[in-house]
file final36.txt (compact mmCIF, C-alpha atoms)
# COMPACT_ATOMS: atom_id res chain seq x y z
CA MET X 6 76.42 65.40 73.27
CA SER X 7 78.13 68.47 71.95
CA MET X 8 80.95 68.37 69.45
CA PRO X 9 84.46 68.16 70.79
CA ASP X 10 85.95 71.65 71.11
CA LYS X 11 88.47 70.93 68.38
CA ASP X 12 85.78 70.28 65.75
CA ARG X 13 83.62 73.16 66.82
CA LYS X 14 86.50 75.56 66.35
CA LYS X 15 87.14 74.19 62.88
CA ASN X 16 83.55 74.92 61.89
CA LYS X 17 83.24 78.48 63.05
CA PRO X 18 85.59 80.74 64.91
CA GLN X 19 84.24 82.06 68.18
CA VAL X 20 84.00 85.58 69.54
CA GLY X 21 87.03 86.46 71.66
CA VAL X 22 86.57 87.41 75.29
CA VAL X 23 88.63 89.84 77.38
CA VAL X 24 87.80 90.67 80.98
CA VAL X 25 89.18 94.08 82.01
CA THR X 26 88.86 94.98 85.67
CA HIS X 27 90.35 96.80 88.61
CA GLY X 28 93.14 94.70 90.13
CA ASN X 29 93.03 90.90 89.95
CA PHE X 30 89.27 90.59 89.90
CA GLY X 31 89.18 89.60 86.22
CA GLN X 32 91.85 86.91 86.52
CA ALA X 33 90.06 85.42 89.52
CA LEU X 34 86.72 85.60 87.75
CA LEU X 35 88.11 83.83 84.70
CA LEU X 36 89.59 81.10 86.90
CA ALA X 37 86.21 80.72 88.59
CA ALA X 38 84.46 80.47 85.21
CA GLU X 39 86.94 77.80 84.10
CA MET X 40 86.22 75.93 87.31
CA VAL X 41 82.61 75.79 86.18
CA LEU X 42 83.13 75.22 82.45
CA GLY X 43 86.58 73.74 82.08
CA PRO X 44 89.50 75.41 80.28
CA GLN X 45 88.55 78.02 77.69
CA ASP X 46 90.26 79.24 74.51
CA ASP X 47 90.58 82.80 73.27
CA CYS X 48 89.84 84.52 76.53
CA LEU X 49 92.09 86.66 78.66
CA ALA X 50 91.87 88.86 81.72
CA ILE X 51 93.66 92.16 82.17
CA GLY X 52 93.98 93.81 85.55
CA VAL X 53 94.23 97.58 85.60
CA ASP X 54 96.71 98.83 88.17
CA VAL X 55 96.03 102.45 89.09
CA GLU X 56 99.70 102.91 89.88
CA LEU X 57 100.71 102.18 86.30
CA GLY X 58 100.49 104.61 83.42
CA VAL X 59 97.45 104.82 81.20
CA ASP X 60 99.46 104.20 78.02
CA GLU X 61 101.01 100.90 79.04
CA THR X 62 97.67 99.64 80.34
CA MET X 63 95.97 100.62 77.09
CA GLU X 64 98.64 98.73 75.22
CA ALA X 65 98.11 95.62 77.35
CA ILE X 66 94.35 95.74 76.74
CA GLN X 67 94.80 96.20 73.01
CA LYS X 68 97.30 93.37 72.84
CA ALA X 69 94.92 91.07 74.69
CA ILE X 70 92.05 92.00 72.37
CA ARG X 71 94.13 91.33 69.26
CA SER X 72 95.33 88.00 70.52
CA VAL X 73 91.79 86.65 71.08
CA GLU X 74 90.35 88.17 67.90
CA LYS X 75 89.53 85.31 65.53
CA GLY X 76 87.66 87.36 62.97
CA ARG X 77 84.32 87.55 64.74
CA GLY X 78 85.00 90.40 67.12
CA VAL X 79 85.74 90.56 70.82
CA MET X 80 83.50 90.97 73.86
CA VAL X 81 85.14 93.06 76.53
CA LEU X 82 83.63 92.58 79.96
CA THR X 83 84.49 95.29 82.47
CA ASP X 84 83.61 95.76 86.11
CA LEU X 85 82.50 99.31 86.82
CA PHE X 86 80.68 101.70 84.51
CA GLY X 87 82.72 104.90 84.72
CA GLY X 88 85.88 103.17 85.87
CA SER X 89 89.05 103.29 83.82
CA PRO X 90 88.92 99.63 82.73
CA THR X 91 85.68 100.64 81.00
CA THR X 92 86.76 103.98 79.59
CA MET X 93 90.01 102.52 78.31
CA SER X 94 88.21 99.65 76.61
CA LEU X 95 85.71 102.05 75.06
CA SER X 96 88.47 104.14 73.59
CA LEU X 97 89.63 101.12 71.57
CA MET X 98 86.28 100.79 69.79
CA ASP X 99 87.51 102.81 66.83
CA ASP X 100 90.35 100.42 66.07
CA GLU X 101 88.94 97.05 67.03
CA ASN X 102 85.69 95.19 66.48
CA LEU X 103 84.41 95.25 70.04
CA GLU X 104 81.46 95.29 72.30
CA VAL X 105 82.03 96.57 75.83
CA ILE X 106 79.71 95.41 78.59
CA THR X 107 80.01 96.58 82.19
CA GLY X 108 79.09 95.09 85.55
CA VAL X 109 80.72 91.73 84.91
CA ASN X 110 79.81 88.95 87.29
CA LEU X 111 80.25 85.20 87.17
CA PRO X 112 76.83 84.42 85.66
CA MET X 113 77.55 86.94 82.91
CA LEU X 114 80.99 85.57 82.14
CA VAL X 115 79.79 81.96 82.15
CA ALA X 116 76.91 82.82 79.81
CA THR X 117 79.29 84.67 77.49
CA LEU X 118 81.77 81.82 77.31
CA GLN X 119 78.93 79.38 76.60
CA ALA X 120 77.44 81.32 73.70
CA ARG X 121 80.41 82.49 71.69
CA ALA X 122 79.01 81.19 68.42
CA MET X 123 76.53 84.09 68.52
CA ASN X 124 77.12 87.40 66.80
CA LEU X 125 78.67 90.07 68.95
CA ASP X 126 75.40 92.02 69.38
CA ALA X 127 73.36 89.00 70.36
CA LEU X 128 76.13 87.74 72.62
CA ALA X 129 76.16 91.05 74.47
CA GLU X 130 72.38 91.03 74.98
CA ASN X 131 72.61 87.47 76.17
CA ALA X 132 75.41 88.34 78.59
CA LYS X 133 73.51 91.30 79.97
CA SER X 134 70.41 89.30 80.69
CA ALA X 135 72.43 86.49 82.29
CA GLY X 136 74.23 89.02 84.49
CA VAL X 137 70.97 90.52 85.66
CA GLN X 138 69.23 87.14 86.01
CA GLY X 139 72.04 85.98 88.23
CA ILE X 140 71.21 88.50 90.91
CA LYS X 141 68.64 87.19 93.36
CA VAL X 142 67.93 87.87 97.00
CA ALA X 143 68.02 84.13 97.43
CA GLY X 144 67.53 84.12 101.19
CA ALA X 145 64.24 85.97 100.86
CA MET X 146 63.15 83.62 98.06
CA LEU X 147 63.81 80.64 100.28
CA ARG X 148 62.05 82.18 103.27
CA LYS X 149 58.99 82.89 101.14
CA LYS X 150 58.94 79.32 99.91
CA THR X 151 59.29 77.69 103.30
CA ARG X 152 56.57 79.92 104.73
CA LYS X 153 54.03 78.69 102.20
CA MET S 8 83.18 123.61 97.58
CA THR S 9 85.71 123.33 94.86
CA LEU S 10 88.11 120.44 94.72
CA VAL S 11 91.18 120.70 92.55
CA ARG S 12 92.84 117.36 91.93
CA ILE S 13 95.72 115.82 90.05
CA ASP S 14 94.83 112.39 88.72
CA ASN S 15 96.60 110.92 85.76
CA ARG S 16 93.45 108.95 84.92
CA LEU S 17 91.17 112.01 85.04
CA ILE S 18 87.61 110.62 85.16
CA HIS S 19 87.59 107.10 86.59
CA GLY S 20 86.10 104.89 89.30
CA GLN S 21 87.56 106.74 92.29
CA ILE S 22 86.16 110.03 91.01
CA ILE S 23 82.72 108.66 90.18
CA GLU S 24 82.29 106.53 93.28
CA THR S 25 83.97 108.64 95.96
CA TRP S 26 84.85 112.24 95.08
CA LEU S 27 81.62 113.16 93.30
CA PRO S 28 79.41 112.09 96.22
CA TYR S 29 81.88 113.55 98.75
CA THR S 30 82.11 116.99 97.14
CA GLY S 31 78.55 117.08 95.85
CA ALA S 32 80.04 118.61 92.72
CA GLU S 33 77.56 119.86 90.13
CA THR S 34 80.23 120.38 87.54
CA VAL S 35 83.34 118.44 86.61
CA ILE S 36 85.96 120.30 84.65
CA VAL S 37 88.63 118.25 82.96
CA ALA S 38 91.50 120.62 82.27
CA ASN S 39 93.64 118.91 79.70
CA ASP S 40 94.98 120.17 76.41
CA GLU S 41 94.79 116.85 74.55
CA LEU S 42 91.28 116.01 75.75
CA SER S 43 89.99 119.49 75.00
CA VAL S 44 90.37 118.68 71.30
CA ASP S 45 89.51 114.96 71.36
CA ALA S 46 85.77 114.53 70.81
CA LEU S 47 85.78 110.74 71.16
CA GLN S 48 87.55 110.73 74.52
CA GLN S 49 85.24 113.49 75.71
CA GLU S 50 82.22 111.41 74.81
CA ILE S 51 83.61 108.36 76.58
CA MET S 52 84.34 110.31 79.75
CA SER S 53 81.01 112.14 79.66
CA LEU S 54 79.30 108.77 79.46
CA ALA S 55 80.96 107.85 82.74
CA ILE S 56 79.85 110.98 84.56
CA PRO S 57 76.40 110.76 86.20
CA GLN S 58 73.76 112.66 84.23
CA SER S 59 73.09 115.03 87.12
CA VAL S 60 76.65 116.34 86.85
CA THR S 61 77.72 118.69 84.06
CA SER S 62 81.07 118.02 82.45
CA ARG S 63 83.36 120.40 80.62
CA PHE S 64 86.63 119.81 78.85
CA VAL S 65 88.89 122.81 78.58
CA SER S 66 92.49 123.55 77.76
CA ILE S 67 94.75 124.64 80.61
CA GLU S 68 94.86 128.10 79.14
CA ASN S 69 91.06 128.48 79.12
CA LEU S 70 90.49 127.10 82.61
CA ALA S 71 90.59 130.41 84.49
CA GLY S 72 88.03 131.93 82.12
CA GLU S 73 85.80 128.86 82.38
CA MET S 74 85.85 129.03 86.19
CA GLN S 75 85.01 132.70 86.08
CA ALA S 76 82.03 131.95 83.86
CA ILE S 77 80.78 129.24 86.21
CA PHE S 78 81.05 131.40 89.32
CA SER S 79 79.86 134.68 87.82
CA GLY S 80 76.61 135.82 89.40
CA LYS S 81 76.65 132.93 91.87
CA GLU S 82 77.48 132.95 95.54
CA SER S 83 78.88 129.51 95.37
CA ALA S 84 79.16 126.58 93.06
CA SER S 85 80.45 123.10 93.58
CA VAL S 86 83.09 122.22 91.06
CA LEU S 87 85.59 119.41 90.69
CA VAL S 88 88.61 120.35 88.59
CA LEU S 89 90.86 117.59 87.29
CA PHE S 90 94.41 117.83 85.98
CA SER S 91 96.39 114.89 84.69
CA SER S 92 99.77 116.14 85.88
CA CYS S 93 101.59 118.45 88.30
CA PRO S 94 102.98 120.69 85.52
CA ASP S 95 99.42 121.17 84.20
CA ALA S 96 98.24 122.30 87.65
CA LYS S 97 101.16 124.69 87.90
CA ARG S 98 100.52 126.03 84.41
CA ALA S 99 96.85 126.67 85.24
CA TYR S 100 97.84 128.48 88.43
CA ASP S 101 100.28 130.66 86.53
CA SER S 102 97.69 131.50 83.90
CA GLY S 103 95.27 132.86 86.49
CA PHE S 104 93.36 129.91 87.98
CA ASP S 105 93.65 130.57 91.70
CA PHE S 106 93.23 127.68 94.13
CA GLN S 107 94.06 127.29 97.80
CA SER S 108 94.25 123.56 98.09
CA LEU S 109 95.42 120.86 95.71
CA ASN S 110 94.54 117.22 96.07
CA ILE S 111 97.17 114.88 94.63
CA GLY S 112 95.47 111.59 93.84
CA ASN S 113 97.16 109.41 91.27
CA VAL S 114 100.49 110.24 89.73
CA HIS S 115 101.75 107.00 88.26
CA TYR S 116 105.22 105.60 88.59
CA SER S 117 107.74 105.45 85.79
CA PRO S 118 111.49 104.96 85.93
CA GLY S 119 113.32 107.88 87.51
CA LYS S 120 110.37 108.92 89.68
CA LYS S 121 110.30 108.81 93.46
CA GLN S 122 107.42 106.92 95.04
CA ILE S 123 106.17 109.11 97.87
CA SER S 124 102.93 107.28 98.63
CA PRO S 125 101.25 104.16 97.21
CA SER S 126 99.53 106.20 94.53
CA VAL S 127 101.95 109.06 93.95
CA ALA S 128 105.35 108.93 92.28
CA LEU S 129 107.02 112.24 91.51
CA SER S 130 109.63 113.24 88.96
CA ASP S 131 111.97 116.15 89.69
CA ASP S 132 109.77 118.30 87.49
CA ASP S 133 106.61 117.26 89.39
CA GLU S 134 108.33 117.95 92.67
CA SER S 135 109.43 121.41 91.68
CA CYS S 136 105.94 122.27 90.38
CA LEU S 137 104.37 121.21 93.68
CA LYS S 138 106.99 123.01 95.74
CA GLN S 139 106.42 126.21 93.83
CA LEU S 140 102.67 125.94 94.35
CA SER S 141 103.20 125.21 98.02
CA ARG S 142 105.43 128.28 98.37
CA LYS S 143 102.65 130.38 96.88
CA GLY S 144 100.35 129.21 99.65
CA VAL S 145 98.59 126.26 98.04
CA SER S 146 98.11 123.50 100.59
CA LEU S 147 98.88 120.04 99.32
CA ASP S 148 96.59 117.17 100.16
CA PHE S 149 97.89 113.73 99.19
CA ARG S 150 94.78 111.57 99.15
CA CYS S 151 93.58 108.98 96.70
CA VAL S 152 90.04 108.82 98.05
CA PRO S 153 88.27 111.09 100.58
CA ASN S 154 88.58 108.65 103.49
CA ASP S 155 92.36 108.35 103.22
CA PRO S 156 94.21 110.21 105.95
CA ILE S 157 95.59 113.49 104.63
CA GLN S 158 99.24 112.73 104.10
CA VAL S 159 101.53 115.68 103.81
CA ARG S 160 104.99 114.23 103.88
CA PHE S 161 106.50 116.45 101.35
call {"tool": "encode", "arguments": {"input": "final36.txt", "output": "structure tokens"}}
result
Amino acid sequence: MSMPDKDRKKNKPQVGVVVVTHGNFGQALLLAAEMVLGPQDDCLAIGVDVELGVDETMEAIQKAIRSVEKGRGVMVLTDLFGGSPTTMSLSLMDDENLEVITGVNLPMLVATLQARAMNLDALAENAKSAGVQGIKVAGAMLRKKTRK
Amino acid sequence: MTLVRIDNRLIHGQIIETWLPYTGAETVIVANDELSVDALQQEIMSLAIPQSVTSRFVSIENLAGEMQAIFSGKESASVLVLFSSCPDAKRAYDSGFDFQSLNIGNVHYSPGKKQISPSVALSDDDESCLKQLSRKGVSLDFRCVPNDPIQVRF
């Protein structure tokens, strides 16, 4: 049995998590992750609305990052490499202790939320491999198996 | 072909995923005074641009010269030019960068602006810049992504 969340937090603060995406994707993804894992602390989702100004969106992202920062840095998970959720997050790297990882999917977010005792670097590597591992052409796998 | 676009986000998902493949641009020029002197932002945006595409960051004033350099000795080149605002596009035109068509992609809303399409909200200043360009023969193309219908309700 793992420690109750309350005690774990007392021992060691965890890495903060912010999901920054186009539209409501991040909020929905976070809800989905909480459906799998139960409610989570120190994680937020920010949706980037193309109709809003860059400055106010940047401010919202920065505010979210600061509010989940517990002294161990923040993992920012974004959707599309090259998209503005990513470029905006990257431009905050000078001011905040961040890692930015793109291509967020549910396996990646779940793995991140599960391993927040890790250092930021290790957590990012872990998240990347979970994100990639989560992608399977499952139908073909099943067909292969049943053919044998 | 050369696409000239106003997009307050400059390089972002719509550009990377739709306009670059659509135009087949070999070069992206970001014409923006602030970015032309901000090395960090340039690096971040260059990271986002596919490696097969060259990127340049120039001030509005230097844009005409930059375009001349790109086209000199070539019959054609495929270039995507990005401005972050209508006044910037107008300023570039006035300082010698000649373009026939202007794509207006994202001009974000703020109080006092008039929303003319889901992705474009114009201030009086924006409107007068676009009208002046239009009077000089620049055709205005209000499209967020290539597959949008060309909306000219202006």
call {"tool": "interface_residues", "arguments": {"input": "final36.txt", "of": "chain S", "to": "chain X", "cutoff": "7 Å", "atoms": "only C-alpha atoms", "output": "list of chain:residue names"}}
result
S:Arg16, S:His19, S:Gly20, S:Ile23, S:Gln48, S:Ile51, S:Met52, S:Ala55, S:Ile56, S:His115, S:Tyr116, S:Ser126
call {"tool": "atom_distance", "arguments": {"input": "final36.txt", "atom1": "atom CA of S:Ile123", "atom2": "atom CA of S:Glu24"}}
result
24.5 Å
call {"tool": "residues_near_point", "arguments": {"input": "final36.txt", "point": "(94.5, 128.5, 85.3)", "cutoff": "10 Å", "atoms": "only C-alpha atoms", "output": "number ranges by chain"}}
result
S: 38, 66-74, 95-106
call {"tool": "atom_distance", "arguments": {"input": "final36.txt", "atom1": "atom CA of X:Ala122", "atom2": "atom CA of X:Gln19"}}
result
5.3 Å
call {"tool": "residues_around", "arguments": {"input": "final36.txt", "residues": "X:Leu82", "least_positions_apart": "3", "cutoff": "6 Å", "atoms": "only C-alpha atoms", "output": "PyMOL selection string"}}
result
chain X and resi 24+105-107+109
call {"tool": "residues_around", "arguments": {"input": "final36.txt", "residues": "S:Trp26", "least_positions_apart": "3", "cutoff": "9 Å", "atoms": "all atoms listed in the file", "output": "list in words"}}
result
Leu10, Gln21, Ile22, Ile23, Tyr29, Thr30, Gly31, Ala32, Leu87, Val152 and Pro153 of chain S
call {"tool": "write_last_selection", "arguments": {"input": "final36.txt", "atoms": "C-alpha atoms", "output": "mmCIF file, in the coordinates of the input"}}
result
data_model
loop_
_atom_site.group_PDB
_atom_site.id
_atom_site.type_symbol
_atom_site.label_atom_id
_atom_site.label_comp_id
_atom_site.auth_asym_id
_atom_site.auth_seq_id
_atom_site.Cartn_x
_atom_site.Cartn_y
_atom_site.Cartn_z
ATOM 1 C CA LEU S 10 88.110 120.440 94.720
ATOM 2 C CA GLN S 21 87.560 106.740 92.290
ATOM 3 C CA ILE S 22 86.160 110.030 91.010
ATOM 4 C CA ILE S 23 82.720 108.660 90.180
ATOM 5 C CA TYR S 29 81.880 113.550 98.750
ATOM 6 C CA THR S 30 82.110 116.990 97.140
ATOM 7 C CA GLY S 31 78.550 117.080 95.850
ATOM 8 C CA ALA S 32 80.040 118.610 92.720
ATOM 9 C CA LEU S 87 85.590 119.410 90.690
ATOM 10 C CA VAL S 152 90.040 108.820 98.050
ATOM 11 C CA PRO S 153 88.270 111.090 100.580
#
call {"tool": "atom_distance", "arguments": {"input": "final36.txt", "atom1": "atom CA of X:Val53", "atom2": "atom CA of S:Asp148"}}
result
24.5 Å
call {"tool": "residues_around", "arguments": {"input": "final36.txt", "residues": "stretch 42-48 of chain X", "least_positions_apart": "4", "cutoff": "10 Å", "atoms": "only C-alpha atoms", "output": "PyMOL selection string"}}
result
chain X and resi 10+14+18-24+35-38+69-70+72-75+79-81+115+118-119
call {"tool": "residues_near_point", "arguments": {"input": "final36.txt", "point": "(78.4, 125.9, 95.7)", "cutoff": "12 Å", "atoms": "all atoms listed in the file", "output": "list of chain:residue names"}}
result
S:Met8, S:Thr9, S:Leu10, S:Thr30, S:Gly31, S:Ala32, S:Glu33, S:Thr34, S:Ile77, S:Phe78, S:Ser79, S:Gly80, S:Lys81, S:Glu82, S:Ser83, S:Ala84, S:Ser85, S:Val86, S:Leu87
call {"tool": "closest_residue", "arguments": {"input": "final36.txt", "among": "S:Leu109, S:Val88, S:Leu129, S:Ile18", "to": "S:Val35", "atoms": "all atoms listed in the file"}}
result
S:Val88
call {"tool": "residues_around", "arguments": {"input": "final36.txt", "residues": "X:Gly136", "least_positions_apart": "4", "cutoff": "7 Å", "atoms": "all atoms listed in the file", "output": "JSON, numbers by chain"}}
result
{"X": [110, 112, 113, 132]}
call {"tool": "closest_residue", "arguments": {"input": "final36.txt", "among": "S:Thr25, S:Ser62, S:Asn15, S:Ser91", "to": "S:Asp40", "atoms": "all atoms listed in the file"}}
result
S:Ser91
